[in-house]
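S.K.: Got a structure for you, written out below as structure tokens; questions coming shortly.
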Amino acid sequence: PNGRVVAIGSSTGGVEALLTILSQFPANCPPTVITQHMPPLFTKSFAERLNRLCRPEVGEAVDGAPLLPGHVYLAPGGGAHLEVAGTATAARCRLRDGAPVNGHRPSVDVLFASLAKTLGGNAVGVILTGMGRDGAAGLLALRQAGAPTVGQDEATSLVYGMPRAAFEAGAVERQLPLAKIPAHLLGLTRAPSNGRS
């Protein structure tokens, strides 16, 4: 694999948006980490539902779990921030306690910022439908670190809050309708990660 990790942040409307994207992913998809704002306990059943409906292996992120192709890691709701630690060749999940960021724990900003630091251009950042502005600063950090970034467009977002904040911050390299995001991501992860897409 080229070592690219896909990171997705979403909130209101994200459950359906994530289902749309992950149902298009092949069984050997790039390692994918997701922070979706959800109450505690809901993420476990959501991960189980995604796992039933999608080809990759989907589960809640566990501290220390290595990021592997064909696996999707969902931040557990309510308890900790999900980060990515390690290096491009040996990245792993890290669950870290901490104060809420932008009113959220887990926070999309925390996830994206950790990827900007550990993986830089070996990551791909995606911001989907959601209220508020969680993820905008982190996505900008990813873009500045050389990662391609994608934002869901207004027409297909249930709530064009988080994608708008990221777009206005200059964090979104490509804004796309939801239906076009899966193929775009798979194209980016197949492309050499040092090249421009």
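Lettering and numbering for the structure tokens are positional, with chains as A, B, ... in the shown order, residues counted from 1 in each chain, and ligands counted from 1 in the shown order.
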Tell me, as a count of residues only, which residues lie within 9 Å of Glu83 in chain A, counting only C-alpha atoms; anything in the same chain fewer than 2 positions away does not count.

M.R.: 15

S.K.: Quick one: residues within 12 Å of His184 in chain A, only C-alpha atoms, excluding same-chain residues fewer than 3 positions away - as an MDAnalysis selection string?

M.R.: chainID A and resid 6 21 24:25 124:126 148:152 174:181 187:191 197

S.K.: Rank A:Val101, A:Leu82, A:Ser10, A:Cys54 by their smallest atom-to-atom distance to Gly161 in chain A, using only C-alpha atoms, and report the top residue only.

M.R.: A:Ser10

S.K.: Just want the 7 Å neighbourhood of Glu57 in chain A, counted on only C-alpha atoms, with same-chain residues fewer than 2 positions away dropped. Output as a count of residues only.

M.R.: 6

S.K.: If you count only C-alpha atoms, which residues fall within 10 Å of Pro100 in chain A, apart from same-chain ones fewer than 3 positions away, as an MDAnalysis selection string?

M.R.: chainID A and resid 78:81 97 103:107 110

S.K.: How far is it from CA of Glu168 in chain A to CA of Val84 in chain A, in Å with one decimal?

M.R.: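 Straight-line distance from CA of Glu168 in chain A to CA of Val84 in chain A works out to 25.6 Å.
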
S.K.: Neighbouring residues of Pro31 in chain A were defined as those with any atom within 6 Å, considering only C-alpha atoms; residues of the same chain fewer than 4 positions away were excluded. Please report them as a PyMOL selection string.

M.R.: chain A and resi 5+67-69+71

S.K.: Among range 54-193 of chain A, which residues does DSSP mark as helix (DSSP H, G or I) when it is run on the backbone? Keep the chain and numbering as in the structure and answer as a PyMOL selection string.

M.R.: chain A and resi 108-118+120-122+136-144+162-168+178-190

S.K.: Identify all residues of chain A in strand (DSSP E) (DSSP on the backbone) and supply them as a PyMOL selection string.

M.R.: chain A and resi 5-10+32-36+57-60+71-74+81-86+91-96+123-127+149-152+174-176

S.K.: For a quick check of understanding, using only C-alpha atoms, which of A:Ala116, A:Ala147, A:Val159, A:Pro76 has the smallest distance to Val62 in chain A?

M.R.: A:Pro76

S.K.: For a quick check of understanding, using only C-alpha atoms, which of A:Ala47, A:Met162, A:Ala123, A:Ala99 has the smallest distance to Thr32 in chain A?

M.R.: A:Ala123

S.K.: From the options A:Gly170, A:Asp153, A:Val108, A:Gly132, which residue's atoms come nearest to Gln36 in chain A, counting only C-alpha atoms?

M.R.: A:Val108

S.K.: Skipping near chain neighbours, those fewer than 2 positions away, what residues fall within 7 Å of Gly77 in chain A using only C-alpha atoms, listed as a PDB file with N, CA and C atoms, in the first residue's frame?

M.R.:
```
ATOM      1  N   HIS A  37     -19.446  12.745  15.617  1.00  0.00           N
ATOM      2  CA  HIS A  37     -20.014  13.147  16.907  1.00  0.00           C
ATOM      3  C   HIS A  37     -21.227  12.278  17.210  1.00  0.00           C
ATOM      4  N   MET A  38     -21.148  11.557  18.320  1.00  0.00           N
ATOM      5  CA  MET A  38     -22.244  10.660  18.698  1.00  0.00           C
ATOM      6  C   MET A  38     -22.215  10.465  20.196  1.00  0.00           C
ATOM      7  N   PRO A  39     -23.376  10.260  20.813  1.00  0.00           N
ATOM      8  CA  PRO A  39     -23.373   9.990  22.252  1.00  0.00           C
ATOM      9  C   PRO A  39     -22.682   8.665  22.549  1.00  0.00           C
ATOM     10  N   PRO A  40     -22.170   8.500  23.775  1.00  0.00           N
ATOM     11  CA  PRO A  40     -21.575   7.225  24.171  1.00  0.00           C
ATOM     12  C   PRO A  40     -22.577   6.095  23.907  1.00  0.00           C
ATOM     13  N   LEU A  41     -22.075   4.928  23.689  1.00  0.00           N
ATOM     14  CA  LEU A  41     -22.846   3.707  23.451  1.00  0.00           C
ATOM     15  C   LEU A  41     -23.413   3.617  22.033  1.00  0.00           C
ATOM     16  N   PHE A  42     -23.674   4.748  21.400  1.00  0.00           N
ATOM     17  CA  PHE A  42     -24.223   4.696  20.043  1.00  0.00           C
ATOM     18  C   PHE A  42     -23.176   4.274  19.022  1.00  0.00           C
ATOM     19  N   THR A  43     -21.900   4.597  19.290  1.00  0.00           N
ATOM     20  CA  THR A  43     -20.885   4.305  18.280  1.00  0.00           C
ATOM     21  C   THR A  43     -20.677   2.806  18.110  1.00  0.00           C
ATOM     22  N   ALA A  75     -14.123   6.417  16.132  1.00  0.00           N
ATOM     23  CA  ALA A  75     -13.853   6.922  17.490  1.00  0.00           C
ATOM     24  C   ALA A  75     -15.013   6.564  18.401  1.00  0.00           C
ATOM     25  N   GLY A  79     -16.011   9.361  25.237  1.00  0.00           N
ATOM     26  CA  GLY A  79     -15.021   9.154  26.286  1.00  0.00           C
ATOM     27  C   GLY A  79     -13.674   9.804  26.085  1.00  0.00           C
ATOM     28  N   PRO A 106     -15.137  12.724  21.355  1.00  0.00           N
ATOM     29  CA  PRO A 106     -13.976  13.010  20.494  1.00  0.00           C
ATOM     30  C   PRO A 106     -14.214  14.214  19.572  1.00  0.00           C
TER      31      PRO A 106
END
```

S.K.: For each of A:Leu74, A:Ile8, A:Val15, A:Cys29, take the minimum atom-to-atom distance to Leu139 in chain A, counting only C-alpha atoms, then give the residue where this is smallest.

M.R.: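 The answer is A:Ile8, which sits nearest to Leu139 in chain A.
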